[in-house]
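One structure is given here, and the rest of the page talks about it.
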Amino acid sequence: MARLLAEQRSSIYSDRPHSPIYQLFGTHHMTPVLEYGKEWKRQRKLLHLSLRNDVIDRYQELHLRSAHRLLENIQQDSKNFYSHIDLYTASAALEFTYGREVDGKNDPVITMATGLAEVMAKGLTVERVGLLTALPILKYVPSWFPGAAFQDEARKCRGMVASFSDFPFSMAKKQAETGGLQPSFISDMLGQGEVEVEESDAKETATGIYIAAGETTSSTLKVLVLAMLLNPAIQDKVHAELDVVVGKGVLPTFEDRERLPYLQAVLYEVMRWHPALPLGVPHATTASDIVEGYYIPKGTLVIFNTWAMSNQYNDPECFDPGRYLTPDGKLKPDAQQDNSQYFGFGRRVCPGRFFAGDSLWAAAAVLLSAFRFEKARDAFGKEIEIEPVFRHGMVSHPEPYRCSIISRTGAGEGN
Ligand code: HEM
């Protein structure tokens with residue numbers, strides 16, 4: 001049904017809910033919240049230039065280099081593996097966008113981007129979006145009015161969006177003048193690629209990329225580690241495949257990918273087992289429609305319930321990569337198509353899905369070839385049981401859990 005509405009009736013089901021809160025917080029030019037119209041179409045065209053399937057291989061070096069850095073960071077400080085994963089996805093998104101290698105967690109653009117993401121997560125809650133959509137008049141309530149503290153948060157957020165939109169973009173432009181810009185979204189936009197574009201469109205599109213890319217990818221990787229802790233026999237199989245195909249102690253590259261179907265099936269199952277966006281991103285209708293006898297008015301909020309779709313499998317709570325494999329261990333022909341629902345539907349489908357797939361693969365392949373993830377142990381050597389808890393917002397995250405990360409080449413271990 002989701003595909004039928006979003007794909008076959010895409011001219012009706014491709015809008016987003018209209019809420020004044022986005023303008024109030026200054027995020028209204030970011031692609032994921034843009035209304036279905038000319039500005040959105042221009043942004044999608046630009047994203048397509050740099051993210052479409054036939055150009056995506058040019059970021060493989062970026063993904064592998066970032067995955068090697070993630071590996072080193074975890075080797076040096078395994079306790080904070082959560083923040084290393086956050087840094088991995090944040091730097092990949094920013095490097096893709098602005099063509100500059102990020103200089104660790106203290107890089108000024110990382111600080112700006114993560115600060116903005118935090119303020120947005122705190123300020124743009126689902127409840128507030130709903131409230132301001134229902135009562136748009138609230139946007140005029142002054143900040144001193146009881147319950148209107150969001151006005152101060154909104155002012156702060158507007159300032160942060162403006163700086164985040166300007167600063168990395170000007171840096172990239174300067175870098176382009178000296179010829180040091182890597183292939184990236186901005187290098188394409190600045191005319192080194194295929195088309196001339198309006199600078200304001202390029203800047204605004206760029207600002208939304210980090211917000212869409214960072215948390216979704218990092219949450220998926222945290223679910224991967226959790227799934228490995230809870231399913232040691234499956235982790236054994238991943239290790240066995242890596243050892244046979246790539247060799248123990250050798251880090252995989254994208255050339256090995258085709259020959260690692262089990263690893264790919266694990267990644268598909270991670271996204272099914274706990275989707276990062278359990279309710280996708282809400283769509284809205286731009287015209288009235290009739291679906292199976294029900295009247296759907298113009299402006300209706302439409303939620304494609306990805307979580308419910310992920311439960312339409314046998315024993316859905318069981319983590320079983322075998323769902324995506326044929327009896328002789330190959331990926332089923334429809335495995336990728338089946339997985340595509342976690343990236344949304346129709347004209348709004350995630351434009352970063354190929355980039356995300358490569359980013360997840362690089363981290364998973366490198367980390368699982370180097371480490372074994374196990375439950376942490378208490379002072380008596382007994383495993384500490386994990387009860388997975390998920391933090392809910394638009395993006396669903398596993399709450400931090402304790403984990404023992406053991407080198408597979410005998411170089412050390414951490415908790
Ligand atoms: C595992 C990681 C990711 C997941 C699960 C994911 C999932 C999604 C979903 C479900 C949507 C909404 C689709 C819809 O409305 O039907 C979306 C939108 C979007 N994603 Fe992703 N995404 C991921 C990574 C990325 C990355 C890496 C990028 C960029 C490099 C990206 C850029 C975007 C953008 C710009 C939108 C807004 C599209 C629009 O509204 O037209 N995403 N994503």
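Residue numbering restarts at 1 in every chain; chains get A, B, ... in the order shown in the structure tokens, and ligands count up from 1 in that same order.
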Subject >> Residues within 10 Å of Gly393 in chain A, only C-alpha atoms, excluding chain neighbours under 4 positions, as a list in words >> reply: Ala121, Lys122, Leu124, Thr125, Val126, Glu127, Leu277, Pro278, Leu279 and His397 of chain A
**OP:** Could you give me the residues within 6 Å of ligand 1, counting only C-alpha atoms and all ligand atoms, as an MDAnalysis selection string?
**Re:** chainID A and resid 31:32 93 209 212:213 216:217 220 276:277 280:281 342:345 348:353 355:356
**OP:** Find the spatial neighbours of range 152-163 of chain A, counting only C-alpha atoms, within a cut-off of 9 Å - ignore same-chain residues fewer than 6 positions away - and output them as a list in words.
**Re:** Ile21, Gln23, Leu24, Phe25, Gly26, Thr27, Met112, Ala113, Gly115, Leu116, Val119, Met120, Lys122, Gly123, Leu124, Ser143 and Thr207 of chain A
Original post:
Residues at most 10 Å from Leu5 in chain A, counting only C-alpha atoms, excluding those fewer than 4 positions away in the same chain, as a ChimeraX atom specification?
Top reply: /A:1,9-14,289,291,302,304,345-346
Original post:
Any idea what the distance is between CA of Met309 in chain A and CA of Gly322 in chain A?
Top reply: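 Separation of CA of Met309 in chain A and CA of Gly322 in chain A: 17.8 Å.
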Original post:
Just how far from CA of Ser310 in chain A is CA of Ile296 in chain A, in Å to one decimal?
Top reply: 25.0 Å
Need the shell around Pro136 in chain A: protein/DNA/RNA residues with any atom at most 8 Å away, counting only C-alpha atoms. Skip same-chain ones fewer than 5 positions apart. Format as a short mmCIF file (atom, residue, chain, number, x, y, z; two decimals) with C-alpha atoms, in the first residue's frame?
```cif
data_model
loop_
_atom_site.label_atom_id
_atom_site.label_comp_id
_atom_site.auth_asym_id
_atom_site.auth_seq_id
_atom_site.Cartn_x
_atom_site.Cartn_y
_atom_site.Cartn_z
CA SER A 19 4.31 23.56 10.27
CA PRO A 20 5.40 27.11 11.16
CA LEU A 131 1.22 21.66 18.54
#
```
**OP:** For CA of His63 in chain A and CA of Ile406 in chain A, determine how far apart the two atoms are, in Å to one decimal place.
**Re:**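 We find that CA of His63 in chain A and CA of Ile406 in chain A lie 22.9 Å from each other.
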Subject >> Test item, helix (DSSP H, G or I) assignment across range 112-152 of chain A, answer as a ChimeraX atom specification >> reply: /A:112-123,126-134,136-140,150-152
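Candidate residues A:Phe254, A:Gln43, A:Val266, A:Ile386 were compared for distance to Asp57 in chain A, and the nearest is A:Phe254, using only C-alpha atoms.
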Subject >> Neighbour list for Gly247 in chain A as a PyMOL selection string, cut-off 12 Å, only C-alpha atoms, skip fewer than 4 positions in-chain >> reply: chain A and resi 239-243+251-253+256+369-370+408-409
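Distances here use only C-alpha atoms; by that measure, the residue among A:Pro316, A:Pro232, A:Pro108, A:Pro183 closest to Phe96 in chain A is A:Pro183.
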Original post:
Skipping near chain neighbours, those fewer than 6 positions away, what residues fall within 10 Å of Leu226 in chain A using only C-alpha atoms, listed as a list in words?
Top reply: Thr220, Val270, Phe373, Glu374, Lys375, Ile386, Pro388, Pro398, Pro400, Tyr401, Arg402 and Cys403 of chain A
Residue selection dump (N, CA, C and O atoms) as a compact mmCIF listing (two decimals), in the first residue's frame:
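Full text of out.txt as output:
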```
# COMPACT_ATOMS: atom_id res chain seq x y z
N THR A 220 22.00 3.12 13.15
CA THR A 220 22.03 1.79 12.52
C THR A 220 23.29 1.03 12.93
O THR A 220 23.24 -0.18 13.21
N VAL A 270 19.82 -5.86 10.23
CA VAL A 270 19.93 -4.80 11.25
C VAL A 270 18.87 -3.73 10.99
O VAL A 270 18.16 -3.29 11.90
N PHE A 373 32.78 -8.38 19.37
CA PHE A 373 31.99 -7.62 20.35
C PHE A 373 31.33 -8.62 21.29
O PHE A 373 30.64 -9.54 20.83
N GLU A 374 31.57 -8.42 22.58
CA GLU A 374 30.97 -9.34 23.56
C GLU A 374 30.33 -8.55 24.68
O GLU A 374 30.66 -7.38 24.89
N LYS A 375 29.45 -9.23 25.42
CA LYS A 375 28.86 -8.56 26.59
C LYS A 375 29.99 -8.29 27.58
O LYS A 375 30.91 -9.12 27.71
N ILE A 386 22.19 -7.68 28.85
CA ILE A 386 21.76 -6.40 28.25
C ILE A 386 20.26 -6.46 27.97
O ILE A 386 19.79 -7.40 27.35
N PRO A 388 17.98 -4.38 25.82
CA PRO A 388 18.03 -3.23 24.89
C PRO A 388 16.91 -2.23 25.17
O PRO A 388 15.76 -2.62 25.35
N PRO A 398 19.46 3.00 20.07
CA PRO A 398 19.62 2.19 21.28
C PRO A 398 20.33 3.02 22.35
O PRO A 398 21.31 3.71 22.05
N PRO A 400 22.88 3.77 25.32
CA PRO A 400 24.22 3.17 25.47
C PRO A 400 24.18 1.89 26.30
O PRO A 400 23.42 1.79 27.26
N TYR A 401 24.95 0.89 25.88
CA TYR A 401 25.03 -0.38 26.60
C TYR A 401 26.51 -0.68 26.81
O TYR A 401 27.36 -0.17 26.08
N ARG A 402 26.82 -1.50 27.80
CA ARG A 402 28.22 -1.85 28.04
C ARG A 402 28.62 -2.98 27.10
O ARG A 402 27.82 -3.85 26.79
N CYS A 403 29.86 -2.93 26.69
CA CYS A 403 30.28 -3.88 25.67
C CYS A 403 31.78 -4.12 25.81
O CYS A 403 32.53 -3.20 26.15
```
DSSP-assigned strand (DSSP E) members of range 142-388 of chain A, reported as a PDB file with N, CA, C and O atoms, in the first residue's frame:
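What follows is the written file part.pdb:
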```
ATOM      1  N   HIS A 283       4.740  12.009   5.349  1.00  0.00           N
ATOM      2  CA  HIS A 283       4.375  12.654   4.085  1.00  0.00           C
ATOM      3  C   HIS A 283       3.058  13.404   4.325  1.00  0.00           C
ATOM      4  O   HIS A 283       2.442  13.278   5.386  1.00  0.00           O
ATOM      5  N   ALA A 284       2.618  14.167   3.329  1.00  0.00           N
ATOM      6  CA  ALA A 284       1.296  14.811   3.409  1.00  0.00           C
ATOM      7  C   ALA A 284       0.722  14.876   2.002  1.00  0.00           C
ATOM      8  O   ALA A 284       1.474  14.818   1.013  1.00  0.00           O
ATOM      9  N   ASP A 289      -8.088  12.410  -2.100  1.00  0.00           N
ATOM     10  CA  ASP A 289      -7.946  11.112  -2.791  1.00  0.00           C
ATOM     11  C   ASP A 289      -8.933  10.122  -2.153  1.00  0.00           C
ATOM     12  O   ASP A 289      -9.433  10.355  -1.041  1.00  0.00           O
ATOM     13  N   ILE A 290      -9.171   9.038  -2.861  1.00  0.00           N
ATOM     14  CA  ILE A 290      -9.979   7.964  -2.274  1.00  0.00           C
ATOM     15  C   ILE A 290      -9.163   6.682  -2.309  1.00  0.00           C
ATOM     16  O   ILE A 290      -8.648   6.291  -3.363  1.00  0.00           O
ATOM     17  N   VAL A 291      -8.982   6.079  -1.143  1.00  0.00           N
ATOM     18  CA  VAL A 291      -8.182   4.861  -1.058  1.00  0.00           C
ATOM     19  C   VAL A 291      -9.038   3.763  -0.445  1.00  0.00           C
ATOM     20  O   VAL A 291      -9.473   3.881   0.712  1.00  0.00           O
ATOM     21  N   TYR A 294     -11.984   4.875   1.321  1.00  0.00           N
ATOM     22  CA  TYR A 294     -11.832   5.927   2.337  1.00  0.00           C
ATOM     23  C   TYR A 294     -11.478   7.250   1.659  1.00  0.00           C
ATOM     24  O   TYR A 294     -10.605   7.286   0.783  1.00  0.00           O
ATOM     25  N   TYR A 295     -12.120   8.320   2.138  1.00  0.00           N
ATOM     26  CA  TYR A 295     -11.824   9.649   1.606  1.00  0.00           C
ATOM     27  C   TYR A 295     -10.626  10.234   2.365  1.00  0.00           C
ATOM     28  O   TYR A 295     -10.632  10.301   3.598  1.00  0.00           O
ATOM     29  N   ILE A 296      -9.606  10.624   1.632  1.00  0.00           N
ATOM     30  CA  ILE A 296      -8.405  11.216   2.262  1.00  0.00           C
ATOM     31  C   ILE A 296      -8.354  12.675   1.820  1.00  0.00           C
ATOM     32  O   ILE A 296      -8.039  12.966   0.663  1.00  0.00           O
ATOM     33  N   LEU A 301      -1.950  14.159   6.912  1.00  0.00           N
ATOM     34  CA  LEU A 301      -0.635  13.647   7.284  1.00  0.00           C
ATOM     35  C   LEU A 301      -0.624  12.138   7.009  1.00  0.00           C
ATOM     36  O   LEU A 301      -1.534  11.433   7.440  1.00  0.00           O
ATOM     37  N   VAL A 302       0.390  11.661   6.275  1.00  0.00           N
ATOM     38  CA  VAL A 302       0.426  10.233   5.929  1.00  0.00           C
ATOM     39  C   VAL A 302       1.702   9.613   6.493  1.00  0.00           C
ATOM     40  O   VAL A 302       2.813  10.028   6.149  1.00  0.00           O
ATOM     41  N   PHE A 371      37.481  -6.780  15.211  1.00  0.00           N
ATOM     42  CA  PHE A 371      37.048  -6.968  16.604  1.00  0.00           C
ATOM     43  C   PHE A 371      36.015  -8.073  16.777  1.00  0.00           C
ATOM     44  O   PHE A 371      35.292  -8.417  15.834  1.00  0.00           O
ATOM     45  N   ARG A 372      35.949  -8.522  18.029  1.00  0.00           N
ATOM     46  CA  ARG A 372      34.812  -9.331  18.450  1.00  0.00           C
ATOM     47  C   ARG A 372      34.091  -8.520  19.534  1.00  0.00           C
ATOM     48  O   ARG A 372      34.710  -8.013  20.458  1.00  0.00           O
ATOM     49  N   PHE A 373      32.784  -8.376  19.367  1.00  0.00           N
ATOM     50  CA  PHE A 373      31.993  -7.617  20.346  1.00  0.00           C
ATOM     51  C   PHE A 373      31.335  -8.617  21.290  1.00  0.00           C
ATOM     52  O   PHE A 373      30.638  -9.544  20.834  1.00  0.00           O
ATOM     53  N   GLU A 374      31.567  -8.420  22.579  1.00  0.00           N
ATOM     54  CA  GLU A 374      30.968  -9.339  23.557  1.00  0.00           C
ATOM     55  C   GLU A 374      30.325  -8.545  24.681  1.00  0.00           C
ATOM     56  O   GLU A 374      30.661  -7.377  24.895  1.00  0.00           O
ATOM     57  N   LYS A 375      29.449  -9.226  25.418  1.00  0.00           N
ATOM     58  CA  LYS A 375      28.861  -8.563  26.586  1.00  0.00           C
ATOM     59  C   LYS A 375      29.993  -8.293  27.578  1.00  0.00           C
ATOM     60  O   LYS A 375      30.911  -9.120  27.714  1.00  0.00           O
TER      61      LYS A 375
END
```
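Shortest separation to Leu263 in chain A among A:Gly329, A:Gly249, A:Pro297, A:Pro282 occurs at residue A:Gly329, atoms counted being only C-alpha atoms.
When only C-alpha atoms are used to measure the gap to Gly130 in chain A, the shortest distance among A:Tyr22, A:His68, A:Lys173, A:Glu95 belongs to A:Tyr22.
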